[in-house]
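Participant: Okay, here's the structure, questions in a sec.
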Amino acid sequence: MGMLCAVTFSQNGQLHYADPGDLRPEVGEMVMLPTEQGAVAARVVWAAEYSSEDTDGFPKLVGMATEADLAATEQLRRIKARTLVASRRLIREHGLLMKVLSVDPQLAAGKTVIYYSSPETVDFRSLLRDLSATLGTRIELRQLAARDSVRVTGAIGSCGRDTCCSTFLKDFEPITLAMARDQDLPANPMRISGACGRLMCCLKYEHPLYQDFKATAPAIGEEVDSPAGPGKVVGHSVPGDSVVIKQAADGSRQVCPKASVCGSRKAYEERDLTPG
């Protein structure tokens with residue numbers, strides 16, 4: 001067990017978790033977070049608290065941000081703004097089908113990384129020369145896929161909240177239509193796709209719960225015994241860990257906890273012997 005806090009480099013930006021060490025920063029305070037390009041000022045959005053998870057491997061805060069650190073951060077912000085304006089202007093002048101998503105000036109490395117998206121392959125050699133001459137530094141262009149584009153720029157999901165990828169999600173896991181079907185969601189990509197146009201990452205969150213439920217619950221159409229009497233399973237309620245039963249006696253429907261429902265021995269043996 002150790003302590004963790006969460007910081008961000010920009011308002012509503014990606015969360016980065018860190019070990020506060022001996023520091024106890026409050027929400028809103030500026031701290032120095034170590035990165036590959038050196039320590040960078042970041043704002044605390046979650047105060048330090050104990051975590052039951054293993055905290056080994058998280059970066060450790062260097063210290064509280066000083067006036068000099070904040071001044072350097074403000075200078076970096078101005079450089080980013082100037083780079084963004086210049087790169088967009090030059091892209092228009094070159095007539096290239098590119099969209100600049102973010103810029104990352106790396107002063108210590110003597111270069112600036114510009115992230116962009118494009119629906120086609122772009123010949124940006126002449127653009128690269130003009131960018132280097134205009135900005136006076138080495139330029140590196142990196143194309144981002146749809147999901148990474150939303151992660152960098154941020155967006156609002158269909159839930160009304162900031163997208164998971166632009167706030168806390170670190171890795172993209174494979175998402176399939178089968179996950180939506182298992183959760184009784186419409187297999188319509190237009191309704192279950194995120195701002196990036198790909199299937200929503202949150203389809204992965206509850207999928208193991210549905211898999212475990214269907215592996216142990218009586219199947220729809222199976223004859224069962226329940227506290228209300230014998231009947232047939234006509235529905236599942238996975239969040240409630242219950243099944244809907246149509247009673248054999250009067251045709252009424254009852255919602256019963258899954259644990260209280262017993263299927264026929266024949267159905268149990270068939271399910272137990274099914275490969276897989």
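Naming scheme: A, B, ... for chains in displayed order of the structure tokens; residues 1 onward per chain; ligands 1 onward as shown.
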Report as a Markdown table: every residue of stretch 119-193 of chain A with an atom at most 12 Å from stretch 211-229 of chain A, its closest pair of atoms, and their distance in Å to one decimal, counting only C-alpha atoms, with rows sorted by chain and ascending residue number.
Facilitator:
```
| residue | atom | partner | partner_atom | distance |
| --- | --- | --- | --- | --- |
| A:Ala178 | CA | A:Gln211 | CA | 11.2 |
| A:Met179 | CA | A:Gln211 | CA | 9.3 |
| A:Ala180 | CA | A:Gln211 | CA | 11.7 |
| A:Arg181 | CA | A:Gln211 | CA | 11.2 |
| A:Asp182 | CA | A:Gln211 | CA | 7.5 |
| A:Gln183 | CA | A:Gln211 | CA | 8.9 |
| A:Asp184 | CA | A:Lys214 | CA | 11.9 |
```
Participant: Using only all heavy atoms, please write the residues we just selected to a file, as a tab-separated table (two decimals), in the first residue's frame.
Facilitator:
```tsv
chain	number	residue	atom	x	y	z
A	178	ALA	N	-19.30	-8.29	-30.77
A	178	ALA	CA	-19.76	-9.39	-29.91
A	178	ALA	C	-19.94	-8.92	-28.48
A	178	ALA	O	-20.84	-9.39	-27.77
A	178	ALA	CB	-18.76	-10.55	-29.97
A	179	MET	N	-19.12	-7.98	-28.03
A	179	MET	CA	-19.26	-7.45	-26.67
A	179	MET	C	-20.59	-6.72	-26.53
A	179	MET	O	-21.25	-6.82	-25.48
A	179	MET	CB	-18.10	-6.51	-26.36
A	179	MET	CG	-16.75	-7.18	-26.28
A	179	MET	SD	-15.44	-6.00	-25.89
A	179	MET	CE	-14.01	-7.08	-25.89
A	180	ALA	N	-20.97	-5.98	-27.55
A	180	ALA	CA	-22.25	-5.27	-27.51
A	180	ALA	C	-23.41	-6.26	-27.50
A	180	ALA	O	-24.39	-6.08	-26.75
A	180	ALA	CB	-22.37	-4.33	-28.71
A	181	ARG	N	-23.32	-7.31	-28.30
A	181	ARG	CA	-24.40	-8.30	-28.34
A	181	ARG	C	-24.52	-9.02	-26.99
A	181	ARG	O	-25.63	-9.28	-26.52
A	181	ARG	CB	-24.14	-9.31	-29.46
A	181	ARG	CG	-24.14	-8.71	-30.86
A	181	ARG	CD	-24.12	-9.80	-31.92
A	181	ARG	NE	-23.96	-9.25	-33.26
A	181	ARG	CZ	-22.80	-9.17	-33.90
A	181	ARG	NH1	-21.69	-9.61	-33.32
A	181	ARG	NH2	-22.74	-8.65	-35.11
A	182	ASP	N	-23.40	-9.35	-26.38
A	182	ASP	CA	-23.43	-10.01	-25.07
A	182	ASP	C	-24.13	-9.15	-24.03
A	182	ASP	O	-24.71	-9.67	-23.06
A	182	ASP	CB	-22.01	-10.34	-24.60
A	182	ASP	CG	-21.39	-11.49	-25.38
A	182	ASP	OD1	-22.14	-12.20	-26.07
A	182	ASP	OD2	-20.15	-11.66	-25.29
A	183	GLN	N	-24.07	-7.84	-24.19
A	183	GLN	CA	-24.68	-6.92	-23.23
A	183	GLN	C	-26.06	-6.45	-23.68
A	183	GLN	O	-26.61	-5.48	-23.14
A	183	GLN	CB	-23.75	-5.72	-23.02
A	183	GLN	CG	-22.40	-6.11	-22.46
A	183	GLN	CD	-21.42	-4.96	-22.42
A	183	GLN	OE1	-21.65	-3.92	-21.80
A	183	GLN	NE2	-20.28	-5.13	-23.08
A	184	ASP	N	-26.61	-7.15	-24.70
A	184	ASP	CA	-27.95	-6.83	-25.23
A	184	ASP	C	-28.04	-5.39	-25.72
A	184	ASP	O	-29.08	-4.74	-25.60
A	184	ASP	CB	-29.02	-7.09	-24.16
A	184	ASP	CG	-29.08	-8.55	-23.76
A	184	ASP	OD1	-28.92	-9.41	-24.63
A	184	ASP	OD2	-29.28	-8.83	-22.56
```
Participant: Among stretch 40-258 of chain A, which ones does DSSP assign to strand (DSSP E) (computed from the backbone)? Answer as a PDB file with N, CA, C and O atoms, in the first residue's frame.
Facilitator:
```pdb
ATOM      1  N   VAL A  40       8.184  18.636 -15.256  1.00  0.00           N
ATOM      2  CA  VAL A  40       7.234  19.575 -15.844  1.00  0.00           C
ATOM      3  C   VAL A  40       6.188  19.931 -14.801  1.00  0.00           C
ATOM      4  O   VAL A  40       5.735  19.070 -14.040  1.00  0.00           O
ATOM      5  N   ALA A  41       5.797  21.199 -14.770  1.00  0.00           N
ATOM      6  CA  ALA A  41       4.786  21.647 -13.816  1.00  0.00           C
ATOM      7  C   ALA A  41       3.423  21.070 -14.189  1.00  0.00           C
ATOM      8  O   ALA A  41       3.029  21.065 -15.361  1.00  0.00           O
ATOM      9  N   ALA A  42       2.696  20.583 -13.185  1.00  0.00           N
ATOM     10  CA  ALA A  42       1.372  20.000 -13.403  1.00  0.00           C
ATOM     11  C   ALA A  42       0.466  20.397 -12.243  1.00  0.00           C
ATOM     12  O   ALA A  42       0.933  20.653 -11.132  1.00  0.00           O
ATOM     13  N   ARG A  43      -0.828  20.437 -12.521  1.00  0.00           N
ATOM     14  CA  ARG A  43      -1.792  20.836 -11.496  1.00  0.00           C
ATOM     15  C   ARG A  43      -2.415  19.591 -10.857  1.00  0.00           C
ATOM     16  O   ARG A  43      -2.815  18.656 -11.558  1.00  0.00           O
ATOM     17  N   VAL A  44      -2.533  19.595  -9.543  1.00  0.00           N
ATOM     18  CA  VAL A  44      -3.118  18.469  -8.815  1.00  0.00           C
ATOM     19  C   VAL A  44      -4.642  18.506  -8.966  1.00  0.00           C
ATOM     20  O   VAL A  44      -5.275  19.547  -8.714  1.00  0.00           O
ATOM     21  N   VAL A  45      -5.219  17.382  -9.404  1.00  0.00           N
ATOM     22  CA  VAL A  45      -6.680  17.293  -9.513  1.00  0.00           C
ATOM     23  C   VAL A  45      -7.259  16.290  -8.519  1.00  0.00           C
ATOM     24  O   VAL A  45      -8.444  16.323  -8.227  1.00  0.00           O
ATOM     25  N   TRP A  46      -6.443  15.370  -8.033  1.00  0.00           N
ATOM     26  CA  TRP A  46      -6.815  14.469  -6.937  1.00  0.00           C
ATOM     27  C   TRP A  46      -5.733  14.580  -5.881  1.00  0.00           C
ATOM     28  O   TRP A  46      -4.549  14.361  -6.164  1.00  0.00           O
ATOM     29  N   ALA A  47      -6.141  14.940  -4.671  1.00  0.00           N
ATOM     30  CA  ALA A  47      -5.169  15.055  -3.595  1.00  0.00           C
ATOM     31  C   ALA A  47      -4.593  13.684  -3.255  1.00  0.00           C
ATOM     32  O   ALA A  47      -5.210  12.647  -3.540  1.00  0.00           O
ATOM     33  N   ALA A  48      -3.416  13.687  -2.642  1.00  0.00           N
ATOM     34  CA  ALA A  48      -2.752  12.436  -2.291  1.00  0.00           C
ATOM     35  C   ALA A  48      -3.603  11.647  -1.292  1.00  0.00           C
ATOM     36  O   ALA A  48      -4.132  12.201  -0.329  1.00  0.00           O
ATOM     37  N   GLU A  49      -3.755  10.362  -1.560  1.00  0.00           N
ATOM     38  CA  GLU A  49      -4.495   9.483  -0.655  1.00  0.00           C
ATOM     39  C   GLU A  49      -3.926   8.078  -0.757  1.00  0.00           C
ATOM     40  O   GLU A  49      -3.278   7.723  -1.744  1.00  0.00           O
ATOM     41  N   TYR A  50      -4.184   7.293   0.267  1.00  0.00           N
ATOM     42  CA  TYR A  50      -3.676   5.925   0.281  1.00  0.00           C
ATOM     43  C   TYR A  50      -4.435   5.071  -0.730  1.00  0.00           C
ATOM     44  O   TYR A  50      -5.645   5.222  -0.922  1.00  0.00           O
ATOM     45  N   SER A  51      -3.715   4.171  -1.378  1.00  0.00           N
ATOM     46  CA  SER A  51      -4.305   3.265  -2.360  1.00  0.00           C
ATOM     47  C   SER A  51      -4.020   1.825  -1.954  1.00  0.00           C
ATOM     48  O   SER A  51      -2.917   1.510  -1.485  1.00  0.00           O
ATOM     49  N   GLY A  63       8.833  17.850  -6.502  1.00  0.00           N
ATOM     50  CA  GLY A  63       8.635  18.884  -5.487  1.00  0.00           C
ATOM     51  C   GLY A  63       7.493  19.792  -5.896  1.00  0.00           C
ATOM     52  O   GLY A  63       6.828  19.573  -6.925  1.00  0.00           O
ATOM     53  N   MET A  64       7.244  20.827  -5.105  1.00  0.00           N
ATOM     54  CA  MET A  64       6.241  21.820  -5.449  1.00  0.00           C
ATOM     55  C   MET A  64       6.818  22.765  -6.504  1.00  0.00           C
ATOM     56  O   MET A  64       8.025  23.041  -6.515  1.00  0.00           O
ATOM     57  N   LYS A  99      -4.579  18.003 -40.529  1.00  0.00           N
ATOM     58  CA  LYS A  99      -5.149  18.721 -39.390  1.00  0.00           C
ATOM     59  C   LYS A  99      -4.182  18.604 -38.222  1.00  0.00           C
ATOM     60  O   LYS A  99      -3.888  17.499 -37.761  1.00  0.00           O
ATOM     61  N   VAL A 100      -3.664  19.723 -37.767  1.00  0.00           N
ATOM     62  CA  VAL A 100      -2.748  19.718 -36.626  1.00  0.00           C
ATOM     63  C   VAL A 100      -3.553  19.493 -35.351  1.00  0.00           C
ATOM     64  O   VAL A 100      -4.522  20.202 -35.066  1.00  0.00           O
ATOM     65  N   LEU A 101      -3.165  18.489 -34.580  1.00  0.00           N
ATOM     66  CA  LEU A 101      -3.886  18.144 -33.362  1.00  0.00           C
ATOM     67  C   LEU A 101      -3.210  18.691 -32.113  1.00  0.00           C
ATOM     68  O   LEU A 101      -3.869  19.148 -31.192  1.00  0.00           O
ATOM     69  N   SER A 102      -1.894  18.616 -32.102  1.00  0.00           N
ATOM     70  CA  SER A 102      -1.166  19.064 -30.914  1.00  0.00           C
ATOM     71  C   SER A 102       0.294  19.280 -31.279  1.00  0.00           C
ATOM     72  O   SER A 102       0.787  18.717 -32.265  1.00  0.00           O
ATOM     73  N   VAL A 103       0.960  20.111 -30.492  1.00  0.00           N
ATOM     74  CA  VAL A 103       2.391  20.338 -30.684  1.00  0.00           C
ATOM     75  C   VAL A 103       3.102  20.101 -29.353  1.00  0.00           C
ATOM     76  O   VAL A 103       2.552  20.351 -28.281  1.00  0.00           O
ATOM     77  N   ASP A 104       4.318  19.600 -29.445  1.00  0.00           N
ATOM     78  CA  ASP A 104       5.095  19.276 -28.246  1.00  0.00           C
ATOM     79  C   ASP A 104       6.520  19.781 -28.405  1.00  0.00           C
ATOM     80  O   ASP A 104       7.407  19.043 -28.852  1.00  0.00           O
ATOM     81  N   PRO A 105       6.771  21.046 -28.052  1.00  0.00           N
ATOM     82  CA  PRO A 105       8.145  21.559 -28.113  1.00  0.00           C
ATOM     83  C   PRO A 105       9.012  20.875 -27.053  1.00  0.00           C
ATOM     84  O   PRO A 105       8.687  20.895 -25.871  1.00  0.00           O
ATOM     85  N   GLN A 106      10.096  20.262 -27.489  1.00  0.00           N
ATOM     86  CA  GLN A 106      11.022  19.592 -26.568  1.00  0.00           C
ATOM     87  C   GLN A 106      12.332  20.370 -26.593  1.00  0.00           C
ATOM     88  O   GLN A 106      13.244  20.069 -27.363  1.00  0.00           O
ATOM     89  N   LYS A 111      14.077  20.023 -30.515  1.00  0.00           N
ATOM     90  CA  LYS A 111      13.133  19.698 -31.576  1.00  0.00           C
ATOM     91  C   LYS A 111      11.705  19.966 -31.112  1.00  0.00           C
ATOM     92  O   LYS A 111      11.444  20.152 -29.914  1.00  0.00           O
ATOM     93  N   THR A 112      10.779  19.968 -32.077  1.00  0.00           N
ATOM     94  CA  THR A 112       9.352  20.096 -31.788  1.00  0.00           C
ATOM     95  C   THR A 112       8.609  19.000 -32.535  1.00  0.00           C
ATOM     96  O   THR A 112       8.803  18.831 -33.750  1.00  0.00           O
ATOM     97  N   VAL A 113       7.785  18.261 -31.801  1.00  0.00           N
ATOM     98  CA  VAL A 113       6.981  17.201 -32.408  1.00  0.00           C
ATOM     99  C   VAL A 113       5.588  17.763 -32.683  1.00  0.00           C
ATOM    100  O   VAL A 113       4.948  18.330 -31.791  1.00  0.00           O
ATOM    101  N   ILE A 114       5.140  17.611 -33.921  1.00  0.00           N
ATOM    102  CA  ILE A 114       3.804  18.074 -34.316  1.00  0.00           C
ATOM    103  C   ILE A 114       2.962  16.852 -34.658  1.00  0.00           C
ATOM    104  O   ILE A 114       3.318  16.067 -35.540  1.00  0.00           O
ATOM    105  N   TYR A 115       1.852  16.696 -33.957  1.00  0.00           N
ATOM    106  CA  TYR A 115       0.946  15.568 -34.184  1.00  0.00           C
ATOM    107  C   TYR A 115      -0.176  16.019 -35.110  1.00  0.00           C
ATOM    108  O   TYR A 115      -0.749  17.101 -34.917  1.00  0.00           O
ATOM    109  N   TYR A 116      -0.483  15.181 -36.099  1.00  0.00           N
ATOM    110  CA  TYR A 116      -1.508  15.562 -37.073  1.00  0.00           C
ATOM    111  C   TYR A 116      -2.318  14.335 -37.481  1.00  0.00           C
ATOM    112  O   TYR A 116      -1.935  13.181 -37.231  1.00  0.00           O
ATOM    113  N   SER A 117      -3.452  14.603 -38.098  1.00  0.00           N
ATOM    114  CA  SER A 117      -4.260  13.539 -38.690  1.00  0.00           C
ATOM    115  C   SER A 117      -4.516  13.889 -40.145  1.00  0.00           C
ATOM    116  O   SER A 117      -4.529  15.064 -40.527  1.00  0.00           O
ATOM    117  N   ARG A 138      14.357  21.882 -35.146  1.00  0.00           N
ATOM    118  CA  ARG A 138      14.095  20.640 -35.887  1.00  0.00           C
ATOM    119  C   ARG A 138      12.647  20.208 -35.661  1.00  0.00           C
ATOM    120  O   ARG A 138      12.156  20.240 -34.539  1.00  0.00           O
ATOM    121  N   ILE A 139      11.985  19.827 -36.737  1.00  0.00           N
ATOM    122  CA  ILE A 139      10.564  19.463 -36.679  1.00  0.00           C
ATOM    123  C   ILE A 139      10.387  17.974 -36.962  1.00  0.00           C
ATOM    124  O   ILE A 139      11.007  17.423 -37.868  1.00  0.00           O
ATOM    125  N   GLU A 140       9.539  17.353 -36.177  1.00  0.00           N
ATOM    126  CA  GLU A 140       9.190  15.945 -36.386  1.00  0.00           C
ATOM    127  C   GLU A 140       7.668  15.847 -36.486  1.00  0.00           C
ATOM    128  O   GLU A 140       6.957  16.285 -35.569  1.00  0.00           O
ATOM    129  N   LEU A 141       7.164  15.321 -37.608  1.00  0.00           N
ATOM    130  CA  LEU A 141       5.730  15.173 -37.822  1.00  0.00           C
ATOM    131  C   LEU A 141       5.307  13.735 -37.534  1.00  0.00           C
ATOM    132  O   LEU A 141       5.938  12.795 -38.028  1.00  0.00           O
ATOM    133  N   ARG A 142       4.259  13.568 -36.728  1.00  0.00           N
ATOM    134  CA  ARG A 142       3.757  12.235 -36.397  1.00  0.00           C
ATOM    135  C   ARG A 142       2.257  12.175 -36.658  1.00  0.00           C
ATOM    136  O   ARG A 142       1.489  12.980 -36.125  1.00  0.00           O
ATOM    137  N   GLN A 143       1.873  11.198 -37.481  1.00  0.00           N
ATOM    138  CA  GLN A 143       0.452  11.035 -37.802  1.00  0.00           C
ATOM    139  C   GLN A 143      -0.225  10.160 -36.738  1.00  0.00           C
ATOM    140  O   GLN A 143       0.319   9.145 -36.310  1.00  0.00           O
ATOM    141  N   GLU A 223     -36.592 -24.405 -18.456  1.00  0.00           N
ATOM    142  CA  GLU A 223     -37.554 -24.660 -17.376  1.00  0.00           C
ATOM    143  C   GLU A 223     -36.805 -24.695 -16.049  1.00  0.00           C
ATOM    144  O   GLU A 223     -35.787 -25.385 -15.912  1.00  0.00           O
ATOM    145  N   VAL A 224     -37.303 -23.941 -15.070  1.00  0.00           N
ATOM    146  CA  VAL A 224     -36.621 -23.844 -13.786  1.00  0.00           C
ATOM    147  C   VAL A 224     -37.630 -23.882 -12.640  1.00  0.00           C
ATOM    148  O   VAL A 224     -38.833 -23.735 -12.827  1.00  0.00           O
ATOM    149  N   ASP A 225     -37.087 -24.082 -11.447  1.00  0.00           N
ATOM    150  CA  ASP A 225     -37.852 -23.941 -10.210  1.00  0.00           C
ATOM    151  C   ASP A 225     -37.367 -22.676  -9.514  1.00  0.00           C
ATOM    152  O   ASP A 225     -36.162 -22.399  -9.458  1.00  0.00           O
ATOM    153  N   SER A 226     -38.314 -21.910  -8.968  1.00  0.00           N
ATOM    154  CA  SER A 226     -37.985 -20.657  -8.297  1.00  0.00           C
ATOM    155  C   SER A 226     -38.777 -20.562  -6.998  1.00  0.00           C
ATOM    156  O   SER A 226     -39.693 -21.357  -6.757  1.00  0.00           O
ATOM    157  N   GLY A 229     -42.353 -20.662  -7.611  1.00  0.00           N
ATOM    158  CA  GLY A 229     -42.889 -21.838  -8.263  1.00  0.00           C
ATOM    159  C   GLY A 229     -42.193 -22.132  -9.571  1.00  0.00           C
ATOM    160  O   GLY A 229     -41.312 -21.371 -10.007  1.00  0.00           O
ATOM    161  N   PRO A 230     -42.553 -23.235 -10.237  1.00  0.00           N
ATOM    162  CA  PRO A 230     -41.912 -23.580 -11.508  1.00  0.00           C
ATOM    163  C   PRO A 230     -42.297 -22.610 -12.617  1.00  0.00           C
ATOM    164  O   PRO A 230     -43.373 -22.005 -12.593  1.00  0.00           O
ATOM    165  N   GLY A 231     -41.388 -22.473 -13.594  1.00  0.00           N
ATOM    166  CA  GLY A 231     -41.667 -21.589 -14.714  1.00  0.00           C
ATOM    167  C   GLY A 231     -40.573 -21.664 -15.754  1.00  0.00           C
ATOM    168  O   GLY A 231     -39.726 -22.567 -15.726  1.00  0.00           O
ATOM    169  N   LYS A 232     -40.590 -20.704 -16.670  1.00  0.00           N
ATOM    170  CA  LYS A 232     -39.627 -20.669 -17.765  1.00  0.00           C
ATOM    171  C   LYS A 232     -38.897 -19.328 -17.746  1.00  0.00           C
ATOM    172  O   LYS A 232     -39.516 -18.273 -17.545  1.00  0.00           O
ATOM    173  N   VAL A 233     -37.576 -19.385 -17.951  1.00  0.00           N
ATOM    174  CA  VAL A 233     -36.779 -18.160 -17.999  1.00  0.00           C
ATOM    175  C   VAL A 233     -37.077 -17.404 -19.290  1.00  0.00           C
ATOM    176  O   VAL A 233     -36.961 -17.960 -20.386  1.00  0.00           O
ATOM    177  N   VAL A 234     -37.476 -16.143 -19.148  1.00  0.00           N
ATOM    178  CA  VAL A 234     -37.795 -15.326 -20.332  1.00  0.00           C
ATOM    179  C   VAL A 234     -36.900 -14.083 -20.429  1.00  0.00           C
ATOM    180  O   VAL A 234     -37.002 -13.325 -21.381  1.00  0.00           O
ATOM    181  N   GLY A 235     -36.025 -13.885 -19.447  1.00  0.00           N
ATOM    182  CA  GLY A 235     -35.147 -12.723 -19.512  1.00  0.00           C
ATOM    183  C   GLY A 235     -34.073 -12.755 -18.451  1.00  0.00           C
ATOM    184  O   GLY A 235     -34.176 -13.490 -17.462  1.00  0.00           O
ATOM    185  N   HIS A 236     -33.017 -11.964 -18.684  1.00  0.00           N
ATOM    186  CA  HIS A 236     -31.916 -11.833 -17.738  1.00  0.00           C
ATOM    187  C   HIS A 236     -31.784 -10.376 -17.303  1.00  0.00           C
ATOM    188  O   HIS A 236     -32.029  -9.465 -18.092  1.00  0.00           O
ATOM    189  N   SER A 237     -31.399 -10.171 -16.067  1.00  0.00           N
ATOM    190  CA  SER A 237     -31.078  -8.840 -15.564  1.00  0.00           C
ATOM    191  C   SER A 237     -29.688  -8.918 -14.958  1.00  0.00           C
ATOM    192  O   SER A 237     -29.536  -9.207 -13.767  1.00  0.00           O
ATOM    193  N   SER A 242     -30.117 -11.230 -11.540  1.00  0.00           N
ATOM    194  CA  SER A 242     -31.401 -11.909 -11.412  1.00  0.00           C
ATOM    195  C   SER A 242     -31.906 -12.351 -12.782  1.00  0.00           C
ATOM    196  O   SER A 242     -31.366 -11.962 -13.827  1.00  0.00           O
ATOM    197  N   VAL A 243     -32.939 -13.188 -12.755  1.00  0.00           N
ATOM    198  CA  VAL A 243     -33.556 -13.671 -13.992  1.00  0.00           C
ATOM    199  C   VAL A 243     -35.060 -13.390 -13.923  1.00  0.00           C
ATOM    200  O   VAL A 243     -35.645 -13.285 -12.838  1.00  0.00           O
ATOM    201  N   VAL A 244     -35.673 -13.253 -15.105  1.00  0.00           N
ATOM    202  CA  VAL A 244     -37.115 -13.031 -15.205  1.00  0.00           C
ATOM    203  C   VAL A 244     -37.765 -14.361 -15.568  1.00  0.00           C
ATOM    204  O   VAL A 244     -37.377 -14.991 -16.556  1.00  0.00           O
ATOM    205  N   ILE A 245     -38.745 -14.765 -14.772  1.00  0.00           N
ATOM    206  CA  ILE A 245     -39.375 -16.078 -14.949  1.00  0.00           C
ATOM    207  C   ILE A 245     -40.861 -15.906 -15.226  1.00  0.00           C
ATOM    208  O   ILE A 245     -41.556 -15.154 -14.531  1.00  0.00           O
ATOM    209  N   LYS A 246     -41.340 -16.607 -16.250  1.00  0.00           N
ATOM    210  CA  LYS A 246     -42.767 -16.669 -16.532  1.00  0.00           C
ATOM    211  C   LYS A 246     -43.323 -17.885 -15.797  1.00  0.00           C
ATOM    212  O   LYS A 246     -42.947 -19.021 -16.078  1.00  0.00           O
ATOM    213  N   GLN A 247     -44.191 -17.635 -14.825  1.00  0.00           N
ATOM    214  CA  GLN A 247     -44.696 -18.697 -13.970  1.00  0.00           C
ATOM    215  C   GLN A 247     -45.608 -19.651 -14.744  1.00  0.00           C
ATOM    216  O   GLN A 247     -46.458 -19.215 -15.530  1.00  0.00           O
ATOM    217  N   ARG A 253     -45.104 -12.848 -14.528  1.00  0.00           N
ATOM    218  CA  ARG A 253     -43.648 -12.760 -14.591  1.00  0.00           C
ATOM    219  C   ARG A 253     -43.092 -12.313 -13.252  1.00  0.00           C
ATOM    220  O   ARG A 253     -43.615 -11.382 -12.629  1.00  0.00           O
ATOM    221  N   GLN A 254     -42.046 -12.995 -12.823  1.00  0.00           N
ATOM    222  CA  GLN A 254     -41.405 -12.705 -11.553  1.00  0.00           C
ATOM    223  C   GLN A 254     -39.900 -12.525 -11.777  1.00  0.00           C
ATOM    224  O   GLN A 254     -39.303 -13.249 -12.567  1.00  0.00           O
ATOM    225  N   VAL A 255     -39.337 -11.548 -11.064  1.00  0.00           N
ATOM    226  CA  VAL A 255     -37.891 -11.346 -11.095  1.00  0.00           C
ATOM    227  C   VAL A 255     -37.318 -12.011  -9.856  1.00  0.00           C
ATOM    228  O   VAL A 255     -37.674 -11.655  -8.730  1.00  0.00           O
ATOM    229  N   CYS A 256     -36.461 -12.995 -10.056  1.00  0.00           N
ATOM    230  CA  CYS A 256     -35.902 -13.759  -8.941  1.00  0.00           C
ATOM    231  C   CYS A 256     -34.374 -13.672  -8.959  1.00  0.00           C
ATOM    232  O   CYS A 256     -33.766 -13.674 -10.036  1.00  0.00           O
ATOM    233  N   PRO A 257     -33.750 -13.618  -7.791  1.00  0.00           N
ATOM    234  CA  PRO A 257     -32.275 -13.660  -7.752  1.00  0.00           C
ATOM    235  C   PRO A 257     -31.758 -14.919  -8.427  1.00  0.00           C
ATOM    236  O   PRO A 257     -32.339 -16.001  -8.277  1.00  0.00           O
TER     237      PRO A 257
END
```
Participant: Grab the atom CA of A:Ala18 to atom CA of A:Pro59 distance for me, in Å with one decimal place.
Facilitator: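 We find that atom CA of A:Ala18 and atom CA of A:Pro59 lie 5.1 Å from each other.
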Participant: Point out the residue among A:Glu29, A:Glu93, A:Asp171, A:Glu36 with the least atom-to-atom distance to A:Asp148, counting only C-alpha atoms.
Facilitator: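 Checking each of A:Glu29, A:Glu93, A:Asp171, A:Glu36 against A:Asp148, counting only C-alpha atoms, the winner is A:Asp171.
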Participant: What is the atom CA of A:Val7-atom CA of A:Phe58 distance in Å, reported with one decimal?
Facilitator: 12.4 Å
Participant: Run DSSP on the backbone and give me the residues of stretch 42-246 of chain A it puts in alpha helix (DSSP H), as a ChimeraX atom specification.
Facilitator: /A:67-94,125-135,146-153,177-182,207-216
Participant: In terms of the shortest atom-to-atom distance over only C-alpha atoms, which of A:Arg78, A:Met30, A:Val150, A:Val261 is closest to A:Ala65?
Facilitator: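 Checking each of A:Arg78, A:Met30, A:Val150, A:Val261 against A:Ala65, counting only C-alpha atoms, the winner is A:Met30.
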Participant: Quick one: residues within 9 Å of A:Ser158, only C-alpha atoms, excluding same-chain residues fewer than 6 positions away - as a list in words?
Facilitator: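 Here the qualifying residues turn out to be Ile192, Ser193, Gly194 and Ala195 of chain A.
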Participant: Got time to write the residues from that selection, C-alpha atoms, as a short mmCIF file (atom, residue, chain, number, x, y, z; two decimals), in the first residue's frame?
Facilitator:
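Done, and the output landed in result.cif:
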```cif
data_model
loop_
_atom_site.label_atom_id
_atom_site.label_comp_id
_atom_site.auth_asym_id
_atom_site.auth_seq_id
_atom_site.Cartn_x
_atom_site.Cartn_y
_atom_site.Cartn_z
CA ILE A 192 -22.26 2.34 -29.98
CA SER A 193 -19.37 4.27 -31.51
CA GLY A 194 -17.41 6.99 -29.78
CA ALA A 195 -16.27 10.42 -30.95
#
```
Participant: When distances are computed from only C-alpha atoms, which of A:Tyr17, A:Leu169, A:Gly110, A:Gly197 shows the smallest separation from A:Arg147?
Facilitator: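 That would be A:Gly197, the residue with the smallest distance to A:Arg147.
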Participant: I want to know what sits within 9 Å of stretch 55-57 of chain A, based on only C-alpha atoms, with residues of the same chain fewer than 6 positions away left out; could you give that as a VMD selection string?
Facilitator: chain A and resid 1 to 4 18 to 19
Participant: Could you tell me how far atom CA of A:Glu120 lies from atom CA of A:Thr153, in Å and to one decimal?
Facilitator: 19.8 Å
